[in-house]
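Asker: Pasting protein_38.cif here (mmCIF, C-alpha atoms):
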```cif
data_model
loop_
_atom_site.label_atom_id
_atom_site.label_comp_id
_atom_site.auth_asym_id
_atom_site.auth_seq_id
_atom_site.Cartn_x
_atom_site.Cartn_y
_atom_site.Cartn_z
CA MET A 272 -146.37 -16.60 -90.73
CA GLN A 273 -143.79 -18.59 -92.67
CA THR A 274 -140.07 -18.34 -91.94
CA LEU A 275 -137.85 -17.41 -94.86
CA ASP A 276 -134.47 -19.12 -95.09
CA LYS A 277 -132.47 -21.13 -97.62
CA GLN A 278 -134.60 -24.24 -97.17
CA ALA A 279 -137.81 -22.28 -97.57
CA LEU A 280 -136.54 -20.93 -100.90
CA ARG A 281 -135.54 -24.41 -102.06
CA ASN A 282 -139.15 -25.39 -101.47
CA TRP A 283 -140.29 -22.29 -103.42
CA PRO A 284 -138.29 -22.58 -106.64
CA LEU A 285 -137.99 -19.73 -109.11
CA PRO A 286 -139.15 -20.06 -112.72
CA LEU A 287 -136.37 -21.99 -114.42
CA ALA A 288 -134.33 -20.85 -117.42
CA ASP A 289 -133.33 -23.91 -119.44
CA ASP A 290 -130.14 -24.26 -121.47
CA ALA A 291 -131.86 -23.07 -124.65
CA SER A 292 -133.34 -19.90 -123.11
CA ASP A 293 -132.21 -16.47 -124.27
CA LYS A 294 -132.52 -12.96 -122.89
CA GLU A 295 -136.07 -12.62 -124.16
CA ASP A 296 -137.13 -15.62 -122.09
CA ARG A 297 -135.76 -14.08 -118.88
CA GLY A 298 -137.72 -10.88 -119.25
CA GLN A 299 -137.14 -7.19 -119.74
CA VAL A 300 -136.79 -5.02 -116.64
CA LEU A 301 -137.38 -1.28 -116.63
CA ILE A 302 -135.63 0.67 -113.86
CA ILE A 303 -136.89 4.23 -113.35
CA ALA A 304 -134.39 5.70 -110.95
CA GLY A 305 -131.58 8.14 -110.24
CA SER A 306 -131.23 11.90 -110.10
CA ARG A 307 -128.53 14.48 -110.51
CA GLU A 308 -127.65 14.10 -106.82
CA ILE A 309 -128.04 10.32 -106.53
CA PRO A 310 -127.28 8.74 -109.95
CA GLY A 311 -125.55 5.76 -108.35
CA ALA A 312 -128.81 4.38 -106.97
CA ALA A 313 -129.97 3.59 -110.51
CA ILE A 314 -126.68 1.86 -111.29
CA LEU A 315 -126.86 -0.30 -108.16
CA ALA A 316 -130.49 -1.30 -108.76
CA ALA A 317 -130.01 -1.95 -112.47
CA THR A 318 -126.89 -4.05 -111.97
CA ALA A 319 -128.64 -6.05 -109.25
CA ALA A 320 -131.55 -6.80 -111.60
CA LEU A 321 -129.16 -8.25 -114.17
CA ARG A 322 -127.24 -10.17 -111.49
CA ALA A 323 -130.57 -11.71 -110.43
CA GLY A 324 -131.01 -13.03 -113.97
CA ALA A 325 -133.15 -10.52 -115.88
CA GLY A 326 -132.52 -10.78 -119.60
CA LYS A 327 -132.83 -7.19 -120.85
CA LEU A 328 -132.43 -3.87 -119.10
CA THR A 329 -133.75 -0.37 -119.69
CA ILE A 330 -132.96 2.51 -117.38
CA ALA A 331 -135.07 5.67 -117.41
CA THR A 332 -133.47 8.55 -115.56
CA VAL A 333 -133.36 12.33 -115.47
CA GLN A 334 -131.95 14.03 -118.54
CA SER A 335 -129.06 15.63 -116.65
CA VAL A 336 -127.42 12.26 -115.91
CA ALA A 337 -128.67 10.08 -118.78
CA ALA A 338 -125.51 10.32 -120.90
CA GLY A 339 -123.29 9.40 -117.98
CA MET A 340 -125.66 6.57 -117.07
CA ALA A 341 -125.36 5.11 -120.56
CA LEU A 342 -121.56 5.07 -120.23
CA ALA A 343 -121.68 3.60 -116.72
CA MET A 344 -124.15 0.85 -117.75
CA PRO A 345 -123.16 -0.40 -121.21
CA GLU A 346 -125.63 -3.29 -120.81
CA ALA A 347 -128.62 -0.94 -120.71
CA ARG A 348 -130.77 1.10 -123.00
CA VAL A 349 -131.05 4.50 -121.33
CA ILE A 350 -134.04 6.83 -121.73
CA ALA A 351 -133.63 10.50 -120.74
CA LEU A 352 -136.64 11.98 -118.92
CA PRO A 353 -137.49 15.67 -118.34
CA GLU A 354 -136.91 16.78 -114.78
CA THR A 355 -138.44 19.29 -112.39
CA PRO A 356 -136.40 22.24 -111.07
CA ALA A 357 -136.03 20.26 -107.83
CA GLY A 358 -134.47 17.34 -109.71
CA GLY A 359 -137.48 15.04 -109.84
CA LEU A 360 -139.35 13.55 -112.78
CA LEU A 361 -141.93 15.57 -114.70
CA PRO A 362 -145.25 13.75 -115.26
CA SER A 363 -144.94 14.50 -118.99
CA GLY A 364 -142.06 12.02 -119.12
CA GLU A 365 -144.58 9.21 -118.78
CA ALA A 366 -145.36 9.52 -122.50
CA LEU A 367 -141.74 8.64 -123.33
CA LEU A 368 -142.06 5.35 -121.46
CA GLU A 369 -145.43 4.03 -122.60
CA GLU A 370 -144.06 1.77 -125.33
CA CYS A 371 -141.18 0.47 -123.22
CA ALA A 372 -143.42 -0.03 -120.19
CA ALA A 373 -145.90 -2.08 -122.19
CA ARG A 374 -143.11 -4.46 -123.26
CA SER A 375 -141.57 -4.77 -119.80
CA SER A 376 -141.79 -7.88 -117.68
CA ALA A 377 -141.28 -5.88 -114.47
CA VAL A 378 -140.81 -2.23 -113.53
CA LEU A 379 -138.95 -0.75 -110.56
CA ILE A 380 -139.55 2.91 -109.71
CA GLY A 381 -137.85 4.94 -107.04
CA PRO A 382 -134.19 4.38 -106.14
CA GLY A 383 -132.38 7.70 -105.97
CA LEU A 384 -135.31 9.90 -106.99
CA LEU A 385 -135.64 13.48 -105.74
CA ASP A 386 -138.64 15.81 -105.34
CA SER A 387 -141.42 13.97 -103.54
CA ALA A 388 -144.27 15.98 -105.11
CA GLY A 389 -142.94 15.68 -108.66
CA SER A 390 -142.14 12.00 -108.28
CA CYS A 391 -145.61 11.27 -106.90
CA GLU A 392 -147.28 12.94 -109.88
CA PHE A 393 -145.01 11.01 -112.24
CA VAL A 394 -145.84 7.65 -110.63
CA LEU A 395 -149.56 8.38 -110.72
CA ALA A 396 -149.32 9.17 -114.44
CA LEU A 397 -147.34 6.00 -115.16
CA LEU A 398 -149.39 3.45 -113.21
CA LYS A 399 -152.23 3.38 -115.75
CA PRO A 400 -150.11 2.21 -118.74
CA LEU A 401 -148.41 -0.29 -116.39
CA LYS A 402 -151.65 -2.18 -115.83
CA GLY A 403 -150.85 -5.90 -115.86
CA VAL A 404 -147.10 -5.34 -115.42
CA PRO A 405 -145.47 -6.26 -112.07
CA VAL A 406 -144.48 -2.99 -110.37
CA ILE A 407 -142.11 -2.41 -107.46
CA LEU A 408 -142.08 0.97 -105.73
CA ASP A 409 -139.06 1.91 -103.63
CA ALA A 410 -137.82 5.01 -101.82
CA LEU A 411 -139.54 8.26 -102.85
CA ALA A 412 -141.86 6.54 -105.33
CA MET A 413 -143.70 4.99 -102.38
CA ASP A 414 -145.12 8.42 -101.53
CA VAL A 415 -147.83 7.67 -104.06
CA VAL A 416 -149.44 5.66 -101.24
CA LEU A 417 -150.25 9.00 -99.60
CA CYS A 418 -152.31 10.23 -102.54
CA LEU A 419 -153.61 6.91 -103.91
CA PRO A 420 -154.88 5.00 -100.88
CA ARG A 421 -155.59 1.76 -102.78
CA PHE A 422 -154.00 0.31 -105.92
CA ASP A 423 -156.18 -1.18 -108.63
CA GLU A 424 -153.96 -4.27 -108.74
CA PRO A 425 -151.28 -5.43 -106.29
CA ILE A 426 -147.84 -3.86 -106.46
CA LEU A 427 -144.79 -4.36 -104.23
CA ILE A 428 -143.59 -1.64 -101.86
CA THR A 429 -140.37 -1.84 -99.84
CA PRO A 430 -140.34 0.53 -96.85
CA HIS A 431 -138.04 0.46 -93.84
CA ALA A 432 -139.50 1.48 -90.47
CA GLY A 433 -138.93 5.21 -91.00
CA GLU A 434 -140.56 5.16 -94.43
CA MET A 435 -143.42 3.06 -93.06
CA ALA A 436 -144.05 5.68 -90.38
CA HIS A 437 -144.17 8.36 -93.09
CA LEU A 438 -146.60 6.34 -95.22
CA THR A 439 -148.96 5.47 -92.37
CA GLY A 440 -148.77 8.55 -90.15
CA GLN A 441 -147.65 6.45 -87.18
CA SER A 442 -144.51 6.95 -85.15
CA LYS A 443 -141.41 4.97 -85.98
CA ASP A 444 -141.45 3.51 -82.47
CA SER A 445 -144.98 2.15 -82.96
CA ILE A 446 -143.99 0.60 -86.29
CA VAL A 447 -141.00 -1.12 -84.68
CA ALA A 448 -143.17 -2.32 -81.78
CA ASP A 449 -145.56 -4.15 -84.13
CA ALA A 450 -143.89 -4.39 -87.52
CA ALA A 451 -145.88 -7.43 -88.62
CA GLY A 452 -149.18 -5.75 -87.76
CA ALA A 453 -148.19 -2.53 -89.51
CA ALA A 454 -147.23 -4.44 -92.67
CA ARG A 455 -150.47 -6.43 -92.56
CA ASP A 456 -152.62 -3.31 -92.14
CA LEU A 457 -150.96 -1.44 -95.01
CA ALA A 458 -151.08 -4.48 -97.31
CA SER A 459 -154.81 -4.88 -96.72
CA ARG A 460 -155.62 -1.19 -96.99
CA SER A 461 -153.52 -0.36 -100.05
CA ASN A 462 -153.76 -3.67 -101.97
CA ALA A 463 -149.96 -3.99 -101.97
CA VAL A 464 -147.40 -6.62 -101.17
CA VAL A 465 -145.49 -4.94 -98.33
CA ALA A 466 -141.87 -5.84 -97.61
CA LEU A 467 -141.15 -4.03 -94.33
CA LYS A 468 -137.36 -4.12 -94.10
CA GLY A 469 -135.20 -4.39 -91.01
CA ALA A 470 -133.14 -6.85 -89.00
CA MET A 471 -136.44 -8.74 -88.97
CA THR A 472 -138.16 -8.27 -92.35
CA PHE A 473 -141.86 -8.95 -92.76
CA ILE A 474 -143.45 -9.59 -96.16
CA VAL A 475 -147.25 -9.51 -96.28
CA SER A 476 -149.51 -10.05 -99.26
CA PRO A 477 -152.95 -8.44 -99.59
CA ARG A 478 -154.18 -11.96 -100.26
CA GLY A 479 -153.18 -13.00 -96.75
CA GLY A 480 -149.77 -14.65 -97.14
CA SER A 481 -147.09 -13.59 -94.67
CA TRP A 482 -143.40 -14.34 -94.31
CA CYS A 483 -140.62 -13.36 -91.92
CA HIS A 484 -136.85 -13.28 -92.31
CA VAL A 485 -134.30 -12.59 -89.57
CA SER A 486 -130.85 -11.29 -90.49
CA ALA A 487 -127.95 -10.63 -88.12
CA THR A 488 -125.91 -8.62 -90.64
CA PRO A 489 -125.74 -5.00 -89.47
CA GLY A 490 -123.38 -4.13 -92.32
CA LEU A 491 -126.34 -4.29 -94.69
CA GLY A 492 -127.55 -1.06 -93.09
CA THR A 493 -125.42 1.03 -95.42
CA SER A 494 -125.96 3.56 -98.20
CA GLY A 495 -127.16 1.90 -101.41
CA SER A 496 -127.99 -1.47 -99.86
CA GLY A 497 -131.73 -0.95 -100.30
CA ASP A 498 -131.20 -0.07 -103.97
CA VAL A 499 -129.47 -3.40 -104.48
CA LEU A 500 -132.32 -5.25 -102.76
CA ALA A 501 -134.96 -3.50 -104.86
CA GLY A 502 -133.03 -4.34 -108.02
CA VAL A 503 -132.81 -8.03 -107.11
CA MET A 504 -136.57 -8.11 -106.56
CA ALA A 505 -137.15 -6.44 -109.93
CA GLY A 506 -134.85 -8.89 -111.71
CA LEU A 507 -136.64 -11.86 -110.19
CA ALA A 508 -140.05 -10.44 -111.07
CA ALA A 509 -138.86 -9.94 -114.66
CA ARG A 510 -137.98 -13.63 -114.77
CA GLY A 511 -141.59 -14.46 -113.91
CA ALA A 512 -141.60 -14.72 -110.12
CA PRO A 513 -144.81 -13.43 -108.50
CA LEU A 514 -144.27 -10.30 -106.41
CA GLU A 515 -144.44 -12.19 -103.10
CA GLN A 516 -141.82 -14.65 -104.29
CA ALA A 517 -139.60 -11.94 -105.77
CA ALA A 518 -139.71 -10.15 -102.41
CA GLY A 519 -138.99 -13.29 -100.39
CA TRP A 520 -136.14 -14.48 -102.55
CA GLY A 521 -134.74 -10.96 -102.79
CA VAL A 522 -134.63 -10.49 -99.02
CA VAL A 523 -132.87 -13.81 -98.38
CA VAL A 524 -130.40 -13.50 -101.27
CA HIS A 525 -129.53 -9.95 -100.21
CA ALA A 526 -128.97 -11.09 -96.61
CA LEU A 527 -126.81 -14.05 -97.60
CA ALA A 528 -124.70 -11.85 -99.87
CA GLY A 529 -124.17 -9.53 -96.92
CA LYS A 530 -123.28 -12.45 -94.68
CA ARG A 531 -120.57 -13.57 -97.11
CA LEU A 532 -119.06 -10.08 -97.16
CA ALA A 533 -119.20 -9.86 -93.37
CA GLU A 534 -117.31 -13.12 -93.07
CA ARG A 535 -114.55 -11.77 -95.32
CA HIS A 536 -114.35 -8.12 -94.29
CA GLY A 537 -115.99 -7.81 -90.88
CA ARG A 538 -119.49 -6.98 -89.70
CA LEU A 539 -119.30 -3.34 -90.81
CA GLY A 540 -117.62 -1.44 -93.62
CA PHE A 541 -118.41 -3.42 -96.76
CA LEU A 542 -120.04 -1.47 -99.59
CA ALA A 543 -123.39 -1.90 -101.29
CA ARG A 544 -121.71 -2.32 -104.68
CA GLU A 545 -119.72 -5.25 -103.26
CA LEU A 546 -122.99 -7.15 -102.81
CA LEU A 547 -123.54 -7.27 -106.56
CA PRO A 548 -121.00 -9.96 -107.59
CA GLU A 549 -122.22 -12.20 -104.76
CA ILE A 550 -125.80 -12.41 -106.01
CA PRO A 551 -125.47 -15.08 -108.76
CA SER A 552 -123.30 -17.27 -106.55
CA VAL A 553 -125.71 -17.05 -103.62
CA MET A 554 -128.63 -17.95 -105.89
CA ARG A 555 -126.70 -20.88 -107.34
CA HIS A 556 -125.94 -22.11 -103.81
CA ILE A 557 -129.63 -21.98 -102.89
#
```
What does the file become when written as structure tokens?
Answerer:
Amino acid sequence: MQTLDKQALRNWPLPLADDASDKEDRGQVLIIAGSREIPGAAILAATAALRAGAGKLTIATVQSVAAGMALAMPEARVIALPETPAGGLLPSGEALLEECAARSSAVLIGPGLLDSAGSCEFVLALLKPLKGVPVILDALAMDVVLCLPRFDEPILITPHAGEMAHLTGQSKDSIVADAAGAARDLASRSNAVVALKGAMTFIVSPRGGSWCHVSATPGLGTSGSGDVLAGVMAGLAARGAPLEQAAGWGVVVHALAGKRLAERHGRLGFLARELLPEIPSVMRHI
């Protein structure tokens, strides 16, 4: 298992954008996220994707918040999707995204979604037209693992220990006791890159690669922090980074951004949105 730190990332460089590159060269990212109760998750993830260097941004969110989302994110195209009575995404909304999905360089699904059953049906409907497109599943979108035991092609999933317990049927204590083994088992069984998040984060590829990162930044355990991390990963994947690399870079950049805030404000109390302006500077430093 390889250790992830700044030096490891310097030895694993991202696809470069030269001085003549434009937004098309840095990829289009599609963020499918947010709900009437948690619209901010989409904003955090989408902003993080742009801060990580993605060139173009589309947000697809529930119809009830789409107009507000467009005002909050002037950099984005916003697509309004039909929603279930419980506030989730209707599977019929997949048809509205087929064209955009086919043009996307990476797709993130999940931050801030509601209605597990509805979201699972939506993800299942959308995965087929996303064939060949890097996909990251976060939060409620990961429930598709429960009804689709193995993906046709690798995707990236980003559970913390509690979510991992839900996805595998194990107890949270057993996941914590052998996080690396749990990540390895799920990666092999589901054909997914698994980024099992925590103070010690394990990233395991179904092809056998494995990485570990240790972070002593408890302030990152705050509302919205995972949305920022998922957005960074999506932005890096849109730029052309393979899913394993997008996950590894995302975890380290997210941790270093948190470390900078902790040094300025204290170990606890900084906000997820305060991570966002740190991302380009941290990446430049690396």
Asker: Restricting the calculation to only C-alpha atoms, which member of A:Leu397, A:Leu427, A:Val553, A:Val415 is positioned closest to Asn462 in chain A?
Answerer: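 So, comparing all the options, the nearest one is A:Leu427.
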Asker: Do a neighbour search on range 358-368 of chain A at 6 Å with all atoms listed in the file, toss out local chain neighbours closer than 6 positions, and write the hits as a PyMOL selection string.
Answerer: chain A and resi 352+385-386+389-390+392-393+397
Asker: Go through A:Met344, A:Met435, A:Cys391, A:Leu379 one by one, measure the shortest atom-to-atom distance of each to Leu507 in chain A using only C-alpha atoms, and give the residue with the smallest value.
Answerer: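 Result for the nearest residue to Leu507 in chain A: A:Leu379.
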Asker: List as a count of residues only the protein and nucleic acid residues near His431 in chain A, meaning an atom at most 9 Å away when only C-alpha atoms are counted, but skip any in the same chain fewer than 4 places from it.
Answerer: 7
Asker: Please write the residues picked by the PyMOL selection byres ((chain A and resi 274-288) around 10) on this file as a compact mmCIF listing (two decimals) with C-alpha atoms, in the frame of the given file.
Answerer:
```txt
# COMPACT_ATOMS: atom_id res chain seq x y z
CA MET A 272 -146.37 -16.60 -90.73
CA GLN A 273 -143.79 -18.59 -92.67
CA ASP A 289 -133.33 -23.91 -119.44
CA ASP A 290 -130.14 -24.26 -121.47
CA ALA A 291 -131.86 -23.07 -124.65
CA SER A 292 -133.34 -19.90 -123.11
CA ASP A 293 -132.21 -16.47 -124.27
CA LYS A 294 -132.52 -12.96 -122.89
CA ASP A 296 -137.13 -15.62 -122.09
CA ARG A 297 -135.76 -14.08 -118.88
CA GLY A 324 -131.01 -13.03 -113.97
CA THR A 472 -138.16 -8.27 -92.35
CA PHE A 473 -141.86 -8.95 -92.76
CA ILE A 474 -143.45 -9.59 -96.16
CA SER A 481 -147.09 -13.59 -94.67
CA TRP A 482 -143.40 -14.34 -94.31
CA CYS A 483 -140.62 -13.36 -91.92
CA HIS A 484 -136.85 -13.28 -92.31
CA VAL A 485 -134.30 -12.59 -89.57
CA SER A 486 -130.85 -11.29 -90.49
CA LEU A 507 -136.64 -11.86 -110.19
CA ALA A 508 -140.05 -10.44 -111.07
CA ARG A 510 -137.98 -13.63 -114.77
CA GLY A 511 -141.59 -14.46 -113.91
CA ALA A 512 -141.60 -14.72 -110.12
CA PRO A 513 -144.81 -13.43 -108.50
CA GLN A 516 -141.82 -14.65 -104.29
CA ALA A 517 -139.60 -11.94 -105.77
CA GLY A 519 -138.99 -13.29 -100.39
CA TRP A 520 -136.14 -14.48 -102.55
CA VAL A 522 -134.63 -10.49 -99.02
CA VAL A 523 -132.87 -13.81 -98.38
CA VAL A 524 -130.40 -13.50 -101.27
CA ALA A 526 -128.97 -11.09 -96.61
CA LEU A 527 -126.81 -14.05 -97.60
CA VAL A 553 -125.71 -17.05 -103.62
CA MET A 554 -128.63 -17.95 -105.89
CA HIS A 556 -125.94 -22.11 -103.81
CA ILE A 557 -129.63 -21.98 -102.89
```
Asker: Please indicate the distance in Å from CA of Val349 in chain A to CA of Ser496 in chain A, rounded to one decimal place.
Answerer: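 So the two atoms, CA of Val349 in chain A and CA of Ser496 in chain A, lie 22.5 Å apart.
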Asker: How would you write, as number ranges by chain, the residues chosen by the PyMOL selection byres ((chain A and resi 347) around 12) on this structure?
Answerer: A: 299-302, 313-314, 317-318, 320-321, 325-332, 337-346, 348-350
Asker: Can range 430-459 of chain A be brought up to N, CA and C atoms and written out as a PDB file, in the frame of the given file?
Answerer:
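Result file is rebuild-v4.pdb:
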```pdb
ATOM      1  N   PRO A 430    -140.752  -0.467 -97.831  1.00  0.00           N
ATOM      2  CA  PRO A 430    -140.340   0.530 -96.850  1.00  0.00           C
ATOM      3  C   PRO A 430    -139.485  -0.057 -95.720  1.00  0.00           C
ATOM      4  N   HIS A 431    -138.593   0.775 -95.149  1.00  0.00           N
ATOM      5  CA  HIS A 431    -138.040   0.460 -93.840  1.00  0.00           C
ATOM      6  C   HIS A 431    -138.929   1.154 -92.801  1.00  0.00           C
ATOM      7  N   ALA A 432    -138.599   1.010 -91.524  1.00  0.00           N
ATOM      8  CA  ALA A 432    -139.500   1.480 -90.470  1.00  0.00           C
ATOM      9  C   ALA A 432    -139.769   2.979 -90.572  1.00  0.00           C
ATOM     10  N   GLY A 433    -138.735   3.774 -90.882  1.00  0.00           N
ATOM     11  CA  GLY A 433    -138.930   5.210 -91.000  1.00  0.00           C
ATOM     12  C   GLY A 433    -139.863   5.570 -92.144  1.00  0.00           C
ATOM     13  N   GLU A 434    -139.680   4.914 -93.276  1.00  0.00           N
ATOM     14  CA  GLU A 434    -140.560   5.160 -94.430  1.00  0.00           C
ATOM     15  C   GLU A 434    -141.976   4.686 -94.137  1.00  0.00           C
ATOM     16  N   MET A 435    -142.096   3.576 -93.419  1.00  0.00           N
ATOM     17  CA  MET A 435    -143.420   3.060 -93.060  1.00  0.00           C
ATOM     18  C   MET A 435    -144.151   4.064 -92.160  1.00  0.00           C
ATOM     19  N   ALA A 436    -143.438   4.659 -91.239  1.00  0.00           N
ATOM     20  CA  ALA A 436    -144.050   5.680 -90.380  1.00  0.00           C
ATOM     21  C   ALA A 436    -144.559   6.840 -91.221  1.00  0.00           C
ATOM     22  N   HIS A 437    -143.767   7.257 -92.197  1.00  0.00           N
ATOM     23  CA  HIS A 437    -144.170   8.360 -93.090  1.00  0.00           C
ATOM     24  C   HIS A 437    -145.411   7.988 -93.892  1.00  0.00           C
ATOM     25  N   LEU A 438    -145.488   6.760 -94.372  1.00  0.00           N
ATOM     26  CA  LEU A 438    -146.600   6.340 -95.220  1.00  0.00           C
ATOM     27  C   LEU A 438    -147.894   6.134 -94.443  1.00  0.00           C
ATOM     28  N   THR A 439    -147.773   5.809 -93.158  1.00  0.00           N
ATOM     29  CA  THR A 439    -148.960   5.470 -92.370  1.00  0.00           C
ATOM     30  C   THR A 439    -149.359   6.552 -91.376  1.00  0.00           C
ATOM     31  N   GLY A 440    -148.472   7.526 -91.143  1.00  0.00           N
ATOM     32  CA  GLY A 440    -148.770   8.550 -90.150  1.00  0.00           C
ATOM     33  C   GLY A 440    -148.533   8.115 -88.723  1.00  0.00           C
ATOM     34  N   GLN A 441    -147.975   6.937 -88.522  1.00  0.00           N
ATOM     35  CA  GLN A 441    -147.650   6.450 -87.180  1.00  0.00           C
ATOM     36  C   GLN A 441    -146.226   6.867 -86.819  1.00  0.00           C
ATOM     37  N   SER A 442    -145.876   6.697 -85.564  1.00  0.00           N
ATOM     38  CA  SER A 442    -144.510   6.950 -85.150  1.00  0.00           C
ATOM     39  C   SER A 442    -143.629   5.762 -85.517  1.00  0.00           C
ATOM     40  N   LYS A 443    -142.343   6.052 -85.682  1.00  0.00           N
ATOM     41  CA  LYS A 443    -141.410   4.970 -85.980  1.00  0.00           C
ATOM     42  C   LYS A 443    -141.385   3.954 -84.839  1.00  0.00           C
ATOM     43  N   ASP A 444    -141.472   4.416 -83.614  1.00  0.00           N
ATOM     44  CA  ASP A 444    -141.450   3.510 -82.470  1.00  0.00           C
ATOM     45  C   ASP A 444    -142.632   2.543 -82.508  1.00  0.00           C
ATOM     46  N   SER A 445    -143.808   3.038 -82.898  1.00  0.00           N
ATOM     47  CA  SER A 445    -144.980   2.150 -82.960  1.00  0.00           C
ATOM     48  C   SER A 445    -144.851   1.145 -84.092  1.00  0.00           C
ATOM     49  N   ILE A 446    -144.228   1.543 -85.187  1.00  0.00           N
ATOM     50  CA  ILE A 446    -143.990   0.600 -86.290  1.00  0.00           C
ATOM     51  C   ILE A 446    -143.052  -0.508 -85.824  1.00  0.00           C
ATOM     52  N   VAL A 447    -141.967  -0.133 -85.162  1.00  0.00           N
ATOM     53  CA  VAL A 447    -141.000  -1.120 -84.680  1.00  0.00           C
ATOM     54  C   VAL A 447    -141.644  -2.052 -83.662  1.00  0.00           C
ATOM     55  N   ALA A 448    -142.537  -1.518 -82.824  1.00  0.00           N
ATOM     56  CA  ALA A 448    -143.170  -2.320 -81.780  1.00  0.00           C
ATOM     57  C   ALA A 448    -144.071  -3.405 -82.356  1.00  0.00           C
ATOM     58  N   ASP A 449    -144.681  -3.156 -83.499  1.00  0.00           N
ATOM     59  CA  ASP A 449    -145.560  -4.150 -84.130  1.00  0.00           C
ATOM     60  C   ASP A 449    -145.392  -4.089 -85.636  1.00  0.00           C
ATOM     61  N   ALA A 450    -144.195  -4.480 -86.088  1.00  0.00           N
ATOM     62  CA  ALA A 450    -143.890  -4.390 -87.520  1.00  0.00           C
ATOM     63  C   ALA A 450    -144.793  -5.292 -88.343  1.00  0.00           C
ATOM     64  N   ALA A 451    -145.039  -6.497 -87.863  1.00  0.00           N
ATOM     65  CA  ALA A 451    -145.880  -7.430 -88.620  1.00  0.00           C
ATOM     66  C   ALA A 451    -147.290  -6.876 -88.773  1.00  0.00           C
ATOM     67  N   GLY A 452    -147.842  -6.316 -87.696  1.00  0.00           N
ATOM     68  CA  GLY A 452    -149.180  -5.750 -87.760  1.00  0.00           C
ATOM     69  C   GLY A 452    -149.250  -4.549 -88.683  1.00  0.00           C
ATOM     70  N   ALA A 453    -148.214  -3.703 -88.638  1.00  0.00           N
ATOM     71  CA  ALA A 453    -148.190  -2.530 -89.510  1.00  0.00           C
ATOM     72  C   ALA A 453    -148.143  -2.942 -90.973  1.00  0.00           C
ATOM     73  N   ALA A 454    -147.322  -3.948 -91.282  1.00  0.00           N
ATOM     74  CA  ALA A 454    -147.230  -4.440 -92.670  1.00  0.00           C
ATOM     75  C   ALA A 454    -148.563  -5.046 -93.110  1.00  0.00           C
ATOM     76  N   ARG A 455    -149.192  -5.788 -92.223  1.00  0.00           N
ATOM     77  CA  ARG A 455    -150.470  -6.430 -92.560  1.00  0.00           C
ATOM     78  C   ARG A 455    -151.550  -5.383 -92.815  1.00  0.00           C
ATOM     79  N   ASP A 456    -151.595  -4.354 -91.977  1.00  0.00           N
ATOM     80  CA  ASP A 456    -152.620  -3.310 -92.140  1.00  0.00           C
ATOM     81  C   ASP A 456    -152.439  -2.565 -93.456  1.00  0.00           C
ATOM     82  N   LEU A 457    -151.197  -2.194 -93.782  1.00  0.00           N
ATOM     83  CA  LEU A 457    -150.960  -1.440 -95.010  1.00  0.00           C
ATOM     84  C   LEU A 457    -151.218  -2.306 -96.243  1.00  0.00           C
ATOM     85  N   ALA A 458    -150.840  -3.582 -96.175  1.00  0.00           N
ATOM     86  CA  ALA A 458    -151.080  -4.480 -97.310  1.00  0.00           C
ATOM     87  C   ALA A 458    -152.570  -4.596 -97.599  1.00  0.00           C
ATOM     88  N   SER A 459    -153.366  -4.742 -96.555  1.00  0.00           N
ATOM     89  CA  SER A 459    -154.810  -4.880 -96.720  1.00  0.00           C
ATOM     90  C   SER A 459    -155.439  -3.586 -97.219  1.00  0.00           C
TER      91      SER A 459
END
```
